[in-house]
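Okay, target25.pdb is below, PDB, C-alpha atoms:
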```pdb
ATOM      1  CA  MET A1103     -50.708-124.258-112.838
ATOM      2  CA  PRO A1104     -49.420-121.997-115.596
ATOM      3  CA  GLU A1105     -46.784-122.448-118.260
ATOM      4  CA  LEU A1106     -43.604-120.347-118.211
ATOM      5  CA  ALA A1107     -44.863-117.489-120.429
ATOM      6  CA  GLU A1108     -48.023-117.020-118.372
ATOM      7  CA  ALA A1109     -46.088-117.232-115.116
ATOM      8  CA  THR A1110     -43.526-114.710-116.367
ATOM      9  CA  ALA A1111     -46.264-112.233-117.248
ATOM     10  CA  ALA A1112     -47.806-112.669-113.784
ATOM     11  CA  ILE A1113     -44.427-112.142-112.097
ATOM     12  CA  ILE A1114     -43.707-108.997-114.128
ATOM     13  CA  ALA A1115     -47.136-107.534-113.291
ATOM     14  CA  ALA A1116     -46.721-108.405-109.600
ATOM     15  CA  GLY A1117     -43.293-106.783-109.537
ATOM     16  CA  GLN A1118     -44.712-103.575-110.985
ATOM     17  CA  ARG A1119     -47.519-103.547-108.406
ATOM     18  CA  LEU A1120     -45.210-104.173-105.458
ATOM     19  CA  ASP A1121     -42.881-101.473-106.744
ATOM     20  CA  ARG A1122     -45.730 -98.927-106.967
ATOM     21  CA  LEU A1123     -46.635 -99.744-103.356
ATOM     22  CA  GLY A1124     -43.050 -99.275-102.195
ATOM     23  CA  TRP A1125     -42.610-102.854-101.001
ATOM     24  CA  VAL A1126     -39.599-103.846-103.151
ATOM     25  CA  PRO A1127     -37.131-100.924-103.013
ATOM     26  CA  ALA A1128     -33.897-101.063-105.015
ATOM     27  CA  THR A1129     -33.249-104.753-105.794
ATOM     28  CA  ALA A1130     -35.120-106.044-102.733
ATOM     29  CA  GLY A1131     -37.675-108.851-102.806
ATOM     30  CA  ASN A1132     -38.359-111.789-105.050
ATOM     31  CA  ILE A1133     -41.403-113.317-106.723
ATOM     32  CA  SER A1134     -42.116-116.850-107.909
ATOM     33  CA  VAL A1135     -44.767-119.073-109.474
ATOM     34  CA  ARG A1136     -44.963-122.871-109.512
ATOM     35  CA  LEU A1137     -45.147-124.164-113.094
ATOM     36  CA  ARG A1138     -47.234-126.956-114.530
ATOM     37  CA  ASP A1139     -44.218-129.261-114.792
ATOM     38  CA  GLY A1140     -43.434-128.820-111.082
ATOM     39  CA  THR A1141     -40.503-126.457-111.559
ATOM     40  CA  VAL A1142     -40.513-122.843-110.372
ATOM     41  CA  ALA A1143     -40.328-119.552-112.267
ATOM     42  CA  ILE A1144     -38.578-116.969-110.084
ATOM     43  CA  THR A1145     -37.004-113.547-110.388
ATOM     44  CA  ARG A1146     -33.322-113.484-111.233
ATOM     45  CA  SER A1147     -30.929-112.246-108.538
ATOM     46  CA  GLY A1148     -30.131-108.535-108.463
ATOM     47  CA  GLY A1149     -32.902-107.119-110.641
ATOM     48  CA  HIS A1150     -35.274-104.296-109.748
ATOM     49  CA  LYS A1151     -38.752-105.800-109.478
ATOM     50  CA  GLY A1152     -40.442-102.704-110.874
ATOM     51  CA  PHE A1153     -38.532-102.981-114.155
ATOM     52  CA  LEU A1154     -38.666-106.695-114.835
ATOM     53  CA  ASP A1155     -38.804-108.148-118.326
ATOM     54  CA  ALA A1156     -38.860-111.771-119.482
ATOM     55  CA  ASP A1157     -35.089-112.040-119.065
ATOM     56  CA  GLY A1158     -35.507-111.222-115.362
ATOM     57  CA  VAL A1159     -37.349-114.498-114.735
ATOM     58  CA  ILE A1160     -35.588-117.893-114.643
ATOM     59  CA  ARG A1161     -36.562-121.497-113.916
ATOM     60  CA  VAL A1162     -35.309-123.556-110.993
ATOM     61  CA  GLY A1163     -36.037-127.006-109.636
ATOM     62  CA  LEU A1164     -37.625-127.563-106.242
ATOM     63  CA  ASP A1165     -34.100-127.880-104.864
ATOM     64  CA  GLY A1166     -33.482-124.256-105.900
ATOM     65  CA  GLY A1167     -30.936-125.112-108.574
ATOM     66  CA  PRO A1168     -31.141-123.222-111.899
ATOM     67  CA  LEU A1169     -32.269-125.258-114.892
ATOM     68  CA  ARG A1170     -30.209-123.282-117.415
ATOM     69  CA  GLU A1171     -26.460-122.889-117.191
ATOM     70  CA  GLY A1172     -25.433-119.372-116.237
ATOM     71  CA  ASP A1173     -28.722-118.389-114.601
ATOM     72  CA  ARG A1174     -28.276-116.943-111.116
ATOM     73  CA  PRO A1175     -31.262-117.277-108.780
ATOM     74  CA  SER A1176     -31.576-115.236-105.614
ATOM     75  CA  ALA A1177     -29.951-116.719-102.515
ATOM     76  CA  GLU A1178     -33.442-116.775-101.001
ATOM     77  CA  THR A1179     -34.777-119.091-103.705
ATOM     78  CA  GLY A1180     -34.455-121.859-101.131
ATOM     79  CA  LEU A1181     -37.181-120.257 -99.008
ATOM     80  CA  HIS A1182     -39.563-120.158-101.974
ATOM     81  CA  CYS A1183     -38.815-123.792-102.754
ATOM     82  CA  GLY A1184     -39.295-124.731 -99.101
ATOM     83  CA  ILE A1185     -42.822-123.319 -99.276
ATOM     84  CA  TYR A1186     -43.597-125.215-102.483
ATOM     85  CA  ARG A1187     -42.237-128.479-101.081
ATOM     86  CA  ARG A1188     -44.234-128.158 -97.858
ATOM     87  CA  PHE A1189     -47.510-126.902 -99.321
ATOM     88  CA  PRO A1190     -48.664-128.632-102.539
ATOM     89  CA  GLU A1191     -51.471-126.079-102.853
ATOM     90  CA  ALA A1192     -49.040-123.143-103.022
ATOM     91  CA  GLY A1193     -48.823-121.724-106.536
ATOM     92  CA  ALA A1194     -47.185-118.314-105.999
ATOM     93  CA  VAL A1195     -44.862-116.764-103.411
ATOM     94  CA  LEU A1196     -44.178-113.067-102.784
ATOM     95  CA  HIS A1197     -41.313-111.629-100.746
ATOM     96  CA  GLY A1198     -41.259-107.910 -99.992
ATOM     97  CA  HIS A1199     -39.435-105.394 -97.811
ATOM     98  CA  SER A1200     -41.941-102.779 -96.637
ATOM     99  CA  VAL A1201     -41.329-100.254 -93.855
ATOM    100  CA  PRO A1202     -43.999-101.734 -91.492
ATOM    101  CA  VAL A1203     -42.580-105.247 -91.899
ATOM    102  CA  THR A1204     -39.021-104.087 -91.303
ATOM    103  CA  VAL A1205     -39.784-101.891 -88.279
ATOM    104  CA  LEU A1206     -42.252-104.192 -86.509
ATOM    105  CA  SER A1207     -40.181-107.326 -87.000
ATOM    106  CA  ARG A1208     -37.232-105.558 -85.337
ATOM    107  CA  ARG A1209     -39.320-104.522 -82.338
ATOM    108  CA  LEU A1210     -41.175-107.729 -81.554
ATOM    109  CA  GLY A1211     -40.377-111.254 -80.376
ATOM    110  CA  GLY A1212     -41.266-114.521 -82.076
ATOM    111  CA  SER A1213     -44.579-113.404 -83.579
ATOM    112  CA  ILE A1214     -46.951-110.510 -84.112
ATOM    113  CA  ARG A1215     -50.557-110.813 -82.994
ATOM    114  CA  LEU A1216     -53.184-109.552 -85.420
ATOM    115  CA  GLU A1217     -56.644-109.356 -83.883
ATOM    116  CA  SER A1218     -60.141-108.151 -84.834
ATOM    117  CA  TYR A1219     -59.163-106.863 -88.279
ATOM    118  CA  GLU A1220     -61.701-107.272 -91.076
ATOM    119  CA  LEU A1221     -58.844-108.271 -93.369
ATOM    120  CA  LEU A1222     -58.025-111.333 -91.276
ATOM    121  CA  LYS A1223     -60.501-113.001 -93.622
ATOM    122  CA  ALA A1224     -57.689-113.052 -96.173
ATOM    123  CA  PHE A1225     -56.252-115.986 -94.221
ATOM    124  CA  PRO A1226     -57.714-119.454 -94.855
ATOM    125  CA  GLY A1227     -60.271-120.684 -92.349
ATOM    126  CA  LEU A1228     -61.164-117.239 -90.983
ATOM    127  CA  ALA A1229     -64.675-116.214 -91.998
ATOM    128  CA  THR A1230     -65.005-113.282 -89.608
ATOM    129  CA  HIS A1231     -63.027-110.402 -88.142
ATOM    130  CA  ALA A1232     -63.702-111.867 -84.665
ATOM    131  CA  ALA A1233     -60.438-113.781 -84.698
ATOM    132  CA  ALA A1234     -56.763-113.470 -83.883
ATOM    133  CA  VAL A1235     -53.640-114.943 -85.436
ATOM    134  CA  GLU A1236     -49.972-115.038 -84.519
ATOM    135  CA  LEU A1237     -47.851-114.273 -87.575
ATOM    136  CA  PRO A1238     -44.411-115.855 -87.033
ATOM    137  CA  ILE A1239     -41.221-113.780 -86.961
ATOM    138  CA  PHE A1240     -37.928-115.580 -87.575
ATOM    139  CA  ASP A1241     -34.448-114.220 -86.996
ATOM    140  CA  ASN A1242     -32.830-113.486 -90.334
ATOM    141  CA  ASP A1243     -29.972-115.778 -91.354
ATOM    142  CA  GLN A1244     -27.726-115.665 -94.416
ATOM    143  CA  ASP A1245     -27.467-119.467 -94.233
ATOM    144  CA  ILE A1246     -30.677-120.209 -96.137
ATOM    145  CA  PRO A1247     -30.790-123.995 -95.550
ATOM    146  CA  ARG A1248     -30.369-123.386 -91.815
ATOM    147  CA  LEU A1249     -33.084-120.697 -91.865
ATOM    148  CA  GLN A1250     -35.423-122.974 -93.814
ATOM    149  CA  ALA A1251     -34.865-125.714 -91.229
ATOM    150  CA  VAL A1252     -35.930-123.296 -88.460
ATOM    151  CA  VAL A1253     -39.049-122.342 -90.428
ATOM    152  CA  GLU A1254     -39.942-125.994 -91.054
ATOM    153  CA  ALA A1255     -39.502-126.843 -87.368
ATOM    154  CA  ARG A1256     -42.043-124.132 -86.513
ATOM    155  CA  TRP A1257     -44.437-125.449 -89.148
ATOM    156  CA  ALA A1258     -44.134-128.967 -87.748
ATOM    157  CA  GLY A1259     -45.237-127.732 -84.328
ATOM    158  CA  GLU A1260     -48.399-125.945 -85.489
ATOM    159  CA  ASP A1261     -51.800-127.438 -86.253
ATOM    160  CA  ALA A1262     -52.622-124.807 -88.886
ATOM    161  CA  VAL A1263     -49.900-122.912 -90.721
ATOM    162  CA  LEU A1264     -50.605-119.349 -91.791
ATOM    163  CA  PRO A1265     -49.548-118.654 -95.394
ATOM    164  CA  GLY A1266     -46.982-116.082 -94.357
ATOM    165  CA  TYR A1267     -44.115-115.169 -92.035
ATOM    166  CA  LEU A1268     -41.684-112.328 -91.321
ATOM    167  CA  LEU A1269     -37.889-112.254 -91.209
ATOM    168  CA  ARG A1270     -36.566-109.936 -88.533
ATOM    169  CA  GLY A1271     -35.421-106.598 -89.912
ATOM    170  CA  HIS A1272     -35.670-108.000 -93.407
ATOM    171  CA  GLY A1273     -39.007-108.765 -95.039
ATOM    172  CA  ILE A1274     -42.108-110.881 -95.414
ATOM    173  CA  TYR A1275     -43.057-114.082 -97.253
ATOM    174  CA  VAL A1276     -46.670-114.688 -98.276
ATOM    175  CA  TRP A1277     -48.068-117.366-100.579
ATOM    176  CA  GLY A1278     -51.306-118.438-102.200
ATOM    177  CA  ALA A1279     -52.799-120.893-104.649
ATOM    178  CA  ASP A1280     -52.061-118.465-107.487
ATOM    179  CA  MET A1281     -50.708-114.963-107.972
ATOM    180  CA  PRO A1282     -54.018-113.113-107.389
ATOM    181  CA  GLN A1283     -54.500-114.896-104.068
ATOM    182  CA  ALA A1284     -50.897-114.307-102.999
ATOM    183  CA  LEU A1285     -51.204-110.597-103.846
ATOM    184  CA  MET A1286     -54.502-110.333-101.967
ATOM    185  CA  ARG A1287     -52.973-111.908 -98.882
ATOM    186  CA  LEU A1288     -49.868-109.748 -99.027
ATOM    187  CA  GLU A1289     -51.940-106.582 -99.360
ATOM    188  CA  ALA A1290     -54.132-107.636 -96.422
ATOM    189  CA  VAL A1291     -51.155-108.374 -94.187
ATOM    190  CA  GLU A1292     -49.366-105.183 -95.178
ATOM    191  CA  PHE A1293     -52.472-103.143 -94.335
ATOM    192  CA  MET A1294     -52.795-104.742 -90.899
ATOM    193  CA  LEU A1295     -49.084-104.272 -90.195
ATOM    194  CA  ARG A1296     -49.290-100.635 -91.226
ATOM    195  CA  CYS A1297     -52.171-100.223 -88.779
ATOM    196  CA  GLU A1298     -50.095-101.849 -86.035
ATOM    197  CA  LEU A1299     -47.195 -99.526 -86.794
ATOM    198  CA  GLU A1300     -49.427 -96.439 -86.670
ATOM    199  CA  ALA A1301     -51.077 -97.604 -83.432
ATOM    200  CA  GLY A1302     -47.669 -97.918 -81.787
ATOM    201  CA  ARG A1303     -46.623 -94.344 -82.534
TER     202      ARG A1303
END
```
How does the structure come out when it is put into structure tokens?
Amino acid sequence: MPELAEATAAIIAAGQRLDRLGWVPATAGNISVRLRDGTVAITRSGGHKGFLDADGVIRVGLDGGPLREGDRPSAETGLHCGIYRRFPEAGAVLHGHSVPVTVLSRRLGGSIRLESYELLKAFPGLATHAAAVELPIFDNDQDIPRLQAVVEARWAGEDAVLPGYLLRGHGIYVWGADMPQALMRLEAVEFMLRCELEAGR
């Protein structure tokens, strides 16, 4: 796991990439990396992810609390920390707000089925396109601890947890062992969701 400076550079680069792809409009989205000491580097609340600098990244504990007085993490920091607490292998988390995610999550029920896509191989344990997964969709909730409890209840009931989920009408969370893997998974999911959106037109 990286130190703060390395993590900050990775977060800034990821923010610029997500911005170019149109997945973090205005001040939407947040990005985090688990640090070597077990704390989390995460984007500060209210900043545009395409224009991040080192001051736009802060440190929090796994409880989501800022480690420096005056720092203001995003309200959704608790969802990042919930992922890190549940999955020791998770090293980076990305949260974006693309058009396909927003539209499809509003239309569908408790999950979206992705089937026979070559890019399903971005998910762990899938070595072929001849597969199908159900990507969970949760109702959005401004009460983050309550939302995290709903997410954890779903995780507890599944044998294998996909490294991603959608929030209805809001956005997507995807994670990986490090930033390159998290970005690869997010790009794969976004491509498949864009295909689903086009197919439904």
Q.
Can you translate the PyMOL selection byres ((chain A and resi 1194-1202) around 7) into the concrete residues it hits in this file, as number ranges by chain?
A. A: 1124-1126, 1130-1136, 1182, 1192-1193, 1203-1206, 1272-1281, 1284, 1295-1296, 1299
With only C-alpha atoms as the counted atoms, please give the residues lying no more than 12 Å from segment 1212-1225 of chain A, apart from itself and same-chain residues fewer than 5 positions off, as an mmCIF file with C-alpha atoms, in the coordinates of the input.
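Result file follows (part05.cif):
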```
data_model
loop_
_atom_site.group_PDB
_atom_site.id
_atom_site.type_symbol
_atom_site.label_atom_id
_atom_site.label_comp_id
_atom_site.auth_asym_id
_atom_site.auth_seq_id
_atom_site.Cartn_x
_atom_site.Cartn_y
_atom_site.Cartn_z
ATOM 1 C CA PRO A 1202 -43.999 -101.734 -91.492
ATOM 2 C CA VAL A 1203 -42.580 -105.247 -91.899
ATOM 3 C CA VAL A 1205 -39.784 -101.891 -88.279
ATOM 4 C CA LEU A 1206 -42.252 -104.192 -86.509
ATOM 5 C CA SER A 1207 -40.181 -107.326 -87.000
ATOM 6 C CA THR A 1230 -65.005 -113.282 -89.608
ATOM 7 C CA HIS A 1231 -63.027 -110.402 -88.142
ATOM 8 C CA ALA A 1232 -63.702 -111.867 -84.665
ATOM 9 C CA ALA A 1233 -60.438 -113.781 -84.698
ATOM 10 C CA ALA A 1234 -56.763 -113.470 -83.883
ATOM 11 C CA VAL A 1235 -53.640 -114.943 -85.436
ATOM 12 C CA GLU A 1236 -49.972 -115.038 -84.519
ATOM 13 C CA LEU A 1237 -47.851 -114.273 -87.575
ATOM 14 C CA PRO A 1238 -44.411 -115.855 -87.033
ATOM 15 C CA ILE A 1239 -41.221 -113.780 -86.961
ATOM 16 C CA PHE A 1240 -37.928 -115.580 -87.575
ATOM 17 C CA ASP A 1241 -34.448 -114.220 -86.996
ATOM 18 C CA ASN A 1242 -32.830 -113.486 -90.334
ATOM 19 C CA VAL A 1253 -39.049 -122.342 -90.428
ATOM 20 C CA ARG A 1256 -42.043 -124.132 -86.513
ATOM 21 C CA ALA A 1262 -52.622 -124.807 -88.886
ATOM 22 C CA VAL A 1263 -49.900 -122.912 -90.721
ATOM 23 C CA LEU A 1264 -50.605 -119.349 -91.791
ATOM 24 C CA PRO A 1265 -49.548 -118.654 -95.394
ATOM 25 C CA GLY A 1266 -46.982 -116.082 -94.357
ATOM 26 C CA TYR A 1267 -44.115 -115.169 -92.035
ATOM 27 C CA LEU A 1268 -41.684 -112.328 -91.321
ATOM 28 C CA LEU A 1269 -37.889 -112.254 -91.209
ATOM 29 C CA ARG A 1270 -36.566 -109.936 -88.533
ATOM 30 C CA VAL A 1276 -46.670 -114.688 -98.276
ATOM 31 C CA TRP A 1277 -48.068 -117.366 -100.579
ATOM 32 C CA GLY A 1278 -51.306 -118.438 -102.200
ATOM 33 C CA PRO A 1282 -54.018 -113.113 -107.389
ATOM 34 C CA GLN A 1283 -54.500 -114.896 -104.068
ATOM 35 C CA ALA A 1284 -50.897 -114.307 -102.999
ATOM 36 C CA LEU A 1285 -51.204 -110.597 -103.846
ATOM 37 C CA MET A 1286 -54.502 -110.333 -101.967
ATOM 38 C CA ARG A 1287 -52.973 -111.908 -98.882
ATOM 39 C CA LEU A 1288 -49.868 -109.748 -99.027
ATOM 40 C CA GLU A 1289 -51.940 -106.582 -99.360
ATOM 41 C CA ALA A 1290 -54.132 -107.636 -96.422
ATOM 42 C CA VAL A 1291 -51.155 -108.374 -94.187
ATOM 43 C CA GLU A 1292 -49.366 -105.183 -95.178
ATOM 44 C CA PHE A 1293 -52.472 -103.143 -94.335
ATOM 45 C CA MET A 1294 -52.795 -104.742 -90.899
ATOM 46 C CA LEU A 1295 -49.084 -104.272 -90.195
ATOM 47 C CA ARG A 1296 -49.290 -100.635 -91.226
ATOM 48 C CA CYS A 1297 -52.171 -100.223 -88.779
ATOM 49 C CA GLU A 1298 -50.095 -101.849 -86.035
ATOM 50 C CA LEU A 1299 -47.195 -99.526 -86.794
#
```
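One distance worth recording is that between atom CA of Gly1180 of chain A and atom CA of Gln1250 of chain A, which is 7.5 Å.
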Q: Work out how far atom CA of Pro1104 of chain A is from atom CA of Arg1174 of chain A, in Å to one decimal.
A: 22.2 Å
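Take atom CA of Thr1145 of chain A and atom CA of Phe1189 of chain A: the distance between them is 20.3 Å.
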Q: Please evaluate the PyMOL selection byres ((chain A and resi 1154-1168) around 6) against the displayed coordinates and give the resulting residues as number ranges by chain.
A: A: 1114, 1141-1146, 1151-1153, 1169-1170, 1179-1180, 1183
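Distances here use only C-alpha atoms; by that measure, the residue among A:Gln1118, A:Ile1113, A:Met1103, A:Arg1188 closest to Ala1255 of chain A is A:Arg1188.
With all atoms listed in the file as the atoms that count, the minimum distance from Glu1254 of chain A to the choices A:Ala1177, A:Arg1187, A:Gly1149, A:Ala1128 is reached by A:Arg1187.
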Around segment 1167-1172 of chain A, fit a box with edges along x, y and z, padding it by 3 Å on each side, then list its centre and edge lengths in Å to one decimal as JSON.
```
{"center_x": -28.9, "center_y": -122.3, "center_z": -113.0, "size_x": 12.8, "size_y": 11.9, "size_z": 14.8}
```
Q.
With distances taken over all atoms listed in the file, which residue among A:Gly1211, A:Pro1247, A:Gly1140, A:Gly1259 lies nearest Leu1106 of chain A?
A. A:Gly1140
(Q) When you count all atoms listed in the file, which of these residues is closest to Arg1209 of chain A: A:Ala1111, A:Asp1245, A:Gly1302, A:Asp1121? (A) A:Gly1302
